[in-house]
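Q: I'm passing along coords.csv; it holds CSV, C-alpha atoms.
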```
chain,number,residue,atom,x,y,z
A,1,MET,CA,9.4,-1.2,-22.2
A,2,PRO,CA,12.5,-2.7,-20.6
A,3,LEU,CA,13.4,-6.3,-21.1
A,4,SER,CA,12.1,-8.5,-18.3
A,5,VAL,CA,15.1,-10.9,-18.7
A,6,LEU,CA,18.3,-10.8,-20.6
A,7,PRO,CA,17.8,-12.1,-24.1
A,8,CYS,CA,19.3,-15.4,-25.2
A,9,PRO,CA,22.2,-15.4,-27.6
A,10,TRP,CA,21.2,-14.3,-31.1
A,11,PRO,CA,23.5,-15.6,-34.0
A,12,MET,CA,24.7,-13.2,-36.6
A,13,ARG,CA,24.9,-14.0,-40.3
A,14,TYR,CA,26.8,-11.8,-42.7
A,15,THR,CA,26.4,-12.3,-46.5
A,16,ALA,CA,29.3,-12.7,-48.8
A,17,CYS,CA,28.8,-9.2,-50.3
A,18,GLN,CA,29.3,-7.7,-46.8
A,19,VAL,CA,32.5,-9.5,-45.9
A,20,ASP,CA,36.1,-8.5,-46.7
A,21,GLU,CA,37.8,-11.5,-48.3
A,22,THR,CA,41.1,-10.7,-46.6
A,23,THR,CA,40.0,-10.2,-43.0
A,24,GLY,CA,36.8,-12.3,-43.0
A,25,GLN,CA,35.1,-9.5,-41.2
A,26,PRO,CA,32.3,-7.3,-42.5
A,27,LYS,CA,33.8,-4.4,-44.4
A,28,ILE,CA,32.1,-1.7,-42.4
A,29,TYR,CA,33.9,-2.9,-39.2
A,30,GLY,CA,37.3,-2.2,-40.7
A,31,ASP,CA,39.7,-1.8,-37.8
A,32,MET,CA,37.1,-1.5,-35.1
A,33,PRO,CA,38.2,-3.0,-31.8
A,34,ALA,CA,36.7,-6.4,-31.0
A,35,ASP,CA,34.9,-4.9,-28.0
A,36,ASP,CA,33.1,-2.4,-30.2
A,37,ILE,CA,32.1,-5.1,-32.7
A,38,GLU,CA,30.7,-7.2,-29.8
A,39,ALA,CA,28.8,-4.2,-28.5
A,40,VAL,CA,27.0,-3.4,-31.8
A,41,GLU,CA,26.2,-7.1,-32.3
A,42,GLN,CA,24.7,-7.2,-28.8
A,43,MET,CA,22.7,-4.1,-29.5
A,44,ALA,CA,21.3,-5.7,-32.6
A,45,SER,CA,20.4,-8.8,-30.7
A,46,ASP,CA,18.7,-6.8,-27.9
A,47,PHE,CA,16.6,-4.8,-30.3
A,48,LEU,CA,15.5,-7.7,-32.4
A,49,SER,CA,14.7,-9.8,-29.3
A,50,LEU,CA,12.5,-7.0,-27.9
A,51,TRP,CA,10.8,-6.4,-31.3
A,52,THR,CA,9.9,-10.1,-31.6
A,53,GLY,CA,8.7,-10.4,-28.0
A,54,GLN,CA,11.7,-12.5,-26.9
A,55,THR,CA,10.4,-15.4,-29.0
A,56,PHE,CA,13.7,-16.5,-30.4
A,57,GLY,CA,17.1,-17.4,-29.0
A,58,ALA,CA,18.4,-20.4,-27.1
A,59,CYS,CA,19.9,-20.0,-23.6
A,60,PRO,CA,22.3,-22.5,-22.0
A,61,VAL,CA,20.7,-24.4,-19.2
A,62,SER,CA,22.1,-26.8,-16.6
A,63,ILE,CA,19.7,-29.0,-14.6
A,64,ARG,CA,20.1,-31.8,-12.0
A,65,PRO,CA,17.0,-34.0,-12.0
A,66,CYS,CA,16.0,-35.8,-8.9
A,67,ARG,CA,12.9,-38.0,-8.3
A,68,LYS,CA,10.5,-36.8,-5.6
A,69,GLN,CA,10.6,-40.0,-3.7
A,70,CYS,CA,14.4,-39.9,-3.3
A,71,PRO,CA,14.9,-40.3,0.5
A,72,ASP,CA,16.2,-37.2,2.4
A,73,SER,CA,16.8,-35.4,-0.9
A,74,GLY,CA,14.9,-32.3,0.3
A,75,TYR,CA,14.4,-31.3,-3.4
A,76,GLY,CA,10.9,-32.6,-3.9
A,77,PRO,CA,9.2,-29.4,-5.1
A,78,LEU,CA,12.0,-28.8,-7.6
A,79,SER,CA,12.2,-32.3,-9.0
A,80,MET,CA,11.9,-33.0,-12.7
A,81,PHE,CA,9.1,-35.3,-13.8
A,82,TYR,CA,10.0,-38.8,-14.8
A,83,GLY,CA,7.9,-41.3,-16.8
A,84,THR,CA,5.2,-40.6,-19.3
A,85,THR,CA,2.7,-37.8,-19.7
A,86,ILE,CA,0.0,-39.8,-18.0
A,87,GLY,CA,1.8,-40.2,-14.7
A,88,TYR,CA,3.2,-37.6,-12.2
A,89,TYR,CA,4.9,-38.5,-9.0
A,90,GLY,CA,3.1,-37.5,-5.8
A,91,GLN,CA,-0.5,-37.9,-7.0
A,92,TYR,CA,-2.6,-40.4,-8.8
A,93,ARG,CA,-3.8,-39.9,-12.3
A,94,PRO,CA,-6.3,-42.0,-14.3
A,95,ALA,CA,-4.9,-43.7,-17.4
A,96,LEU,CA,-6.7,-45.7,-20.1
A,97,ILE,CA,-4.4,-48.8,-20.7
A,98,GLY,CA,-5.6,-51.6,-22.9
A,99,GLY,CA,-9.2,-50.5,-22.7
A,100,GLU,CA,-9.3,-50.4,-18.9
A,101,TRP,CA,-8.9,-47.5,-16.5
A,102,TYR,CA,-6.1,-47.6,-13.9
A,103,ASN,CA,-5.0,-45.1,-11.2
A,104,ILE,CA,-1.3,-44.8,-11.6
A,105,MET,CA,1.2,-42.7,-9.6
A,106,CYS,CA,4.3,-42.8,-11.8
A,107,GLY,CA,5.6,-44.9,-14.5
A,108,ALA,CA,7.6,-46.0,-17.5
A,109,CYS,CA,4.9,-47.6,-19.6
A,110,GLN,CA,6.3,-50.5,-21.5
A,111,ALA,CA,4.6,-52.6,-24.1
A,112,ASP,CA,2.7,-54.7,-21.6
A,113,GLU,CA,3.2,-53.2,-18.2
A,114,CYS,CA,3.5,-50.0,-16.2
A,115,SER,CA,5.9,-49.7,-13.2
A,116,CYS,CA,7.8,-47.2,-11.2
A,117,ASP,CA,11.1,-49.1,-11.5
A,118,LYS,CA,12.2,-48.3,-15.1
A,119,VAL,CA,12.8,-44.8,-16.2
A,120,PRO,CA,13.7,-44.7,-19.9
A,121,MET,CA,12.1,-41.3,-20.5
A,122,LEU,CA,12.7,-38.0,-18.7
A,123,LYS,CA,10.6,-34.8,-19.1
A,124,ILE,CA,12.8,-31.7,-19.0
A,125,PRO,CA,11.9,-28.1,-19.4
A,126,GLY,CA,11.8,-27.2,-23.1
A,127,PRO,CA,11.8,-26.5,-25.9
A,128,VAL,CA,15.2,-28.3,-26.2
A,129,VAL,CA,17.3,-26.9,-29.1
A,130,ASP,CA,20.5,-28.8,-28.5
A,131,ILE,CA,22.1,-31.0,-25.8
A,132,GLU,CA,25.7,-30.2,-25.0
A,133,SER,CA,26.3,-33.0,-22.6
A,134,ILE,CA,24.8,-35.4,-20.1
A,135,MET,CA,27.0,-36.3,-17.2
A,136,ILE,CA,26.3,-39.4,-15.0
A,137,ASP,CA,28.7,-40.1,-12.1
A,138,GLY,CA,31.1,-37.6,-13.6
A,139,SER,CA,31.3,-39.3,-17.0
A,140,ALA,CA,29.8,-38.0,-20.2
A,141,LEU,CA,27.1,-40.2,-21.8
A,142,PRO,CA,27.7,-40.8,-25.6
A,143,SER,CA,25.4,-38.6,-27.6
A,144,GLY,CA,24.1,-41.6,-29.5
A,145,ALA,CA,22.7,-43.0,-26.2
A,146,TYR,CA,19.7,-40.6,-26.2
A,147,ARG,CA,17.4,-38.5,-28.2
A,148,VAL,CA,14.8,-35.8,-27.7
A,149,ASP,CA,11.1,-36.2,-28.7
A,150,ASN,CA,8.5,-33.4,-28.9
A,151,TRP,CA,11.1,-30.8,-27.7
A,152,HIS,CA,11.1,-32.0,-24.1
A,153,LEU,CA,11.1,-35.8,-23.8
A,154,LEU,CA,14.6,-37.1,-23.2
A,155,ILE,CA,14.6,-40.8,-24.4
A,156,ARG,CA,17.3,-43.3,-23.4
A,157,LEU,CA,18.4,-45.4,-26.4
A,158,ASP,CA,21.1,-47.7,-25.0
A,159,GLY,CA,18.8,-50.0,-23.0
A,160,GLU,CA,19.7,-48.3,-19.7
A,161,ASP,CA,17.5,-46.1,-17.5
A,162,TRP,CA,18.0,-42.6,-16.2
A,163,PRO,CA,19.1,-42.3,-12.6
A,164,LYS,CA,16.2,-42.0,-10.2
A,165,CYS,CA,18.2,-40.2,-7.5
A,166,GLN,CA,21.4,-38.3,-7.2
A,167,ASP,CA,23.5,-36.7,-4.5
A,168,MET,CA,22.6,-33.1,-4.8
A,169,THR,CA,25.6,-32.1,-2.7
A,170,ALA,CA,28.1,-33.8,-5.0
A,171,ALA,CA,30.1,-31.8,-7.5
A,172,GLU,CA,28.8,-31.9,-11.1
A,173,ASP,CA,31.8,-34.1,-12.1
A,174,ALA,CA,31.7,-36.4,-9.1
A,175,VAL,CA,30.3,-39.9,-8.5
A,176,GLY,CA,26.6,-39.7,-7.5
A,177,SER,CA,25.8,-36.7,-9.7
A,178,PHE,CA,23.5,-36.4,-12.8
A,179,VAL,CA,23.7,-33.2,-14.8
A,180,ILE,CA,22.1,-32.3,-18.1
A,181,ASN,CA,23.6,-29.3,-20.0
A,182,TYR,CA,21.5,-28.1,-23.0
A,183,SER,CA,20.2,-25.1,-24.9
A,184,LYS,CA,16.6,-24.2,-24.2
A,185,GLY,CA,14.5,-21.9,-26.3
A,186,THR,CA,13.7,-21.4,-30.0
A,187,ALA,CA,16.4,-21.3,-32.6
A,188,VAL,CA,16.7,-18.0,-34.4
A,189,PRO,CA,15.5,-18.4,-38.1
A,190,VAL,CA,18.0,-17.7,-40.9
A,191,GLY,CA,16.1,-14.5,-41.7
A,192,GLY,CA,16.5,-13.3,-38.2
A,193,GLN,CA,20.3,-14.0,-38.3
A,194,VAL,CA,20.6,-12.0,-41.5
A,195,ALA,CA,18.5,-9.2,-40.1
A,196,ALA,CA,20.7,-9.1,-37.0
A,197,GLY,CA,23.9,-8.9,-39.1
A,198,LEU,CA,22.6,-6.1,-41.1
A,199,LEU,CA,21.3,-4.2,-38.1
A,200,ALA,CA,24.7,-4.6,-36.3
A,201,GLN,CA,26.5,-3.0,-39.3
A,202,GLU,CA,24.1,-0.1,-39.3
A,203,PHE,CA,24.8,0.5,-35.6
A,204,ALA,CA,28.5,0.4,-36.4
A,205,LYS,CA,28.0,3.1,-39.1
A,206,ALA,CA,26.0,5.2,-36.6
A,207,LEU,CA,28.8,4.8,-34.0
A,208,CYS,CA,31.4,5.9,-36.5
A,209,LYS,CA,29.2,8.7,-37.9
A,210,ASP,CA,29.2,7.1,-41.3
A,211,LYS,CA,27.0,9.1,-43.6
A,212,SER,CA,25.8,5.9,-45.4
A,213,CYS,CA,24.0,4.8,-42.2
A,214,ALA,CA,20.4,3.9,-43.2
A,215,LEU,CA,18.9,4.2,-39.7
A,216,PRO,CA,16.5,7.1,-39.2
A,217,GLN,CA,17.9,10.2,-37.5
A,218,ARG,CA,15.9,11.7,-34.6
A,219,LEU,CA,16.0,15.2,-36.0
A,220,GLN,CA,13.9,15.5,-39.1
A,221,GLN,CA,13.6,18.7,-41.2
A,222,ILE,CA,10.4,19.3,-43.1
A,223,THR,CA,9.9,22.1,-45.7
A,224,ARG,CA,6.5,23.2,-46.7
A,225,GLN,CA,5.7,26.3,-48.9
A,226,GLY,CA,9.1,27.7,-48.3
A,227,VAL,CA,9.0,27.3,-44.5
A,228,SER,CA,11.4,24.8,-42.9
A,229,MET,CA,10.7,23.2,-39.6
A,230,THR,CA,12.9,20.8,-37.5
A,231,MET,CA,11.0,18.1,-35.7
A,232,LEU,CA,11.9,15.6,-33.1
A,233,ASP,CA,11.0,12.0,-33.9
A,234,ASP,CA,9.1,10.3,-31.1
A,235,TRP,CA,10.5,6.8,-32.0
A,236,THR,CA,7.1,5.3,-32.4
A,237,SER,CA,8.2,3.4,-35.5
A,238,MET,CA,11.3,2.1,-33.8
A,239,LYS,CA,9.3,0.8,-30.9
A,240,GLU,CA,7.3,-1.3,-33.4
A,241,GLY,CA,10.4,-2.7,-35.0
A,242,GLN,CA,10.4,-0.4,-38.1
A,243,THR,CA,13.9,0.8,-38.9
A,244,GLY,CA,13.2,2.0,-42.4
A,245,ILE,CA,15.4,-0.8,-43.8
A,246,TRP,CA,13.2,-3.1,-45.8
A,247,LEU,CA,15.1,-6.4,-45.2
A,248,ILE,CA,15.0,-5.9,-41.4
A,249,ASP,CA,11.5,-4.5,-41.1
A,250,SER,CA,9.9,-7.2,-43.4
A,251,TRP,CA,11.4,-10.0,-41.4
A,252,VAL,CA,10.2,-8.5,-38.1
A,253,GLN,CA,6.7,-8.0,-39.4
A,254,SER,CA,6.6,-11.5,-40.8
A,255,VAL,CA,7.1,-13.1,-37.4
A,256,THR,CA,5.1,-10.6,-35.3
A,257,MET,CA,1.9,-10.0,-37.4
A,258,PRO,CA,-1.1,-11.8,-36.0
A,259,ARG,CA,-2.2,-14.9,-37.9
A,260,ARG,CA,-5.8,-16.0,-38.3
A,261,SER,CA,-6.5,-19.6,-37.4
A,262,SER,CA,-9.4,-21.8,-36.5
A,263,SER,CA,-9.8,-25.3,-35.1
A,264,VAL,CA,-12.5,-27.6,-33.9
A,265,HIS,CA,-12.2,-29.8,-30.7
A,266,SER,CA,-14.4,-32.5,-29.4
A,267,VAL,CA,-14.5,-33.6,-25.8
A,268,ASP,CA,-15.3,-37.1,-27.0
A,269,ILE,CA,-12.1,-37.5,-28.9
A,270,PRO,CA,-8.9,-37.8,-26.9
A,271,ARG,CA,-6.2,-35.3,-27.9
A,272,HIS,CA,-2.8,-36.8,-28.3
A,273,SER,CA,0.3,-35.0,-29.6
A,274,PRO,CA,2.0,-37.1,-32.2
A,275,ARG,CA,5.5,-38.3,-31.1
A,276,GLN,CA,8.3,-36.9,-33.2
A,277,THR,CA,12.0,-36.8,-32.7
A,278,THR,CA,13.2,-33.2,-32.5
A,279,TRP,CA,16.9,-33.8,-31.7
A,280,ARG,CA,19.3,-36.6,-32.1
A,281,GLY,CA,23.1,-36.6,-31.4
```
Can the structure from this file be put into structure tokens for me?
A:
Amino acid sequence: MPLSVLPCPWPMRYTACQVDETTGQPKIYGDMPADDIEAVEQMASDFLSLWTGQTFGACPVSIRPCRKQCPDSGYGPLSMFYGTTIGYYGQYRPALIGGEWYNIMCGACQADECSCDKVPMLKIPGPVVDIESIMIDGSALPSGAYRVDNWHLLIRLDGEDWPKCQDMTAAEDAVGSFVINYSKGTAVPVGGQVAAGLLAQEFAKALCKDKSCALPQRLQQITRQGVSMTMLDDWTSMKEGQTGIWLIDSWVQSVTMPRRSSSVHSVDIPRHSPRQTTWRG
């Protein structure tokens, strides 16, 4: 099955026993050109991304939020949502505040009030792995001026608010612009990084026709009762992420095998996700 989208970058990790102390490169790479090394690492990333259902990897994203009510912006349908999870711009939503129900349209809920004037929190598409920069009017905001909660809530910490509007025709580094550059996705676990480094080396061996390559060959010879037959592997095992290399296969299976879980929900008990900080500069 072909990949639906290009996979996000997948970091490689090489263990000390694989690296040449002089060159700092894995020993198997030797004098391989940098382009060939990049190619086998990309192959390893593509295979592991496919085998794990494109679950892991963080892609760089750049967004320019704009509130729906911005006059003449023309970007209403593409706007980011501001405020809290109980209020979306453009339609009323009921909210239980202080034991009483209110119909609110937007809002930054403070300790004792709700309004559409303050915007200390911004919801952005997540999950957010890392924030590279936030540019307001062409200037970078200090990383200590914000944090990320629950992987998608961008919280302002310096007492200021996020811009409600911006000039969508302005350059990203110009006055009137508001740009957030960040990595979106799920970070590759250490086990996946090690598996990728090992798989890349095996691809390098196959490319150089190294006899120590541990990857299965497509032609397999079977001898039974003195009769030898050569068979063509149908790649079924490879489609399922089974290379025959225990370290790689065990990690792939550990993140793809279905897990049994159960839970009980009550319609009488509100479900609230606990707030937790997931990124801080």
Q: Pull the neighbourhood of (33.4, -2.6, -31.4) for me: all residues within 12 Å in file coordinates, counting all atoms listed in the file, as number ranges by chain.
A: A: 28-43, 200-201, 203-208
Q: What is the CA of Thr277 in chain A-CA of Val129 in chain A distance in Å, reported with one decimal?
A: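 So the answer is 11.8 Å.
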Q: Do you know which residues are at most 7 Å from range 144-158 of chain A counting all atoms listed in the file, after dropping those on the same chain fewer than 4 positions away, and could you put them as a list of chain:residue names?
A: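 Selected residues are A:Pro120, A:Met121, A:Leu122, A:Lys123, A:Ile124, A:Pro125, A:Gly126, A:Pro127, A:Val128, A:Arg275, A:Gln276, A:Thr277, A:Thr278, A:Trp279, A:Arg280, A:Gly281.
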Q: One decimal, in Å: what's the spacing between CA of Thr256 in chain A and CA of Pro60 in chain A?
A: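 So the answer is 24.8 Å.
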Q: Record the distance separating CA of Ala44 in chain A and CA of Trp246 in chain A, expressed in Å with one decimal.
A: 15.7 Å
Q: Between A:Ile248, A:Ala187, A:Val194, A:Ala171, which residue has the minimum interatomic distance to Ala214 in chain A, considering all atoms listed in the file?
A: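 Between A:Ile248, A:Ala187, A:Val194, A:Ala171, the residue approaching Ala214 in chain A most closely is A:Ile248.
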Q: Show which residues sit within 10 Å of Ile136 in chain A, as a list in words. Count only C-alpha atoms, and ignore same-chain residues fewer than 2 positions away.
A: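 Listed by chain and then number, they are Ser133, Ile134, Gly138, Ser139, Ala140, Leu141, Trp162, Pro163, Gln166, Glu172, Asp173, Ala174, Val175, Gly176, Ser177, Phe178, Val179 and Ile180 of chain A.
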Q: I'd like to know which of A:Gly53, A:Gly192, A:Gly159, A:Pro142 is closest to Met12 in chain A, using only C-alpha atoms.
A: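 Using only C-alpha atoms, Met12 in chain A sits closest to A:Gly192.
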Q: Check the smallest atom-to-atom distance from each of A:Pro258, A:Gly191, A:Gly185, A:Pro216 to Tyr14 in chain A using all atoms listed in the file, then report the winner.
A: A:Gly191
Q: Would you mind telling me which residue in A:Thr169, A:Asp130, A:Pro65, A:Thr15 lies nearest to Lys27 in chain A when using all atoms listed in the file?
A: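 Nearest candidate to Lys27 in chain A out of A:Thr169, A:Asp130, A:Pro65, A:Thr15: A:Thr15.
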Q: Pick out the closest residue to Gln25 in chain A from this set: A:Lys164, A:Gly57, A:Glu202, A:Gly197. Count all atoms listed in the file.
A: A:Gly197
Q: Which residue, A:Cys213, A:Asp20, A:Cys59, A:Cys8, has the smallest gap to Thr243 in chain A when you use all atoms listed in the file?
A: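 Nearest to Thr243 in chain A: A:Cys213.
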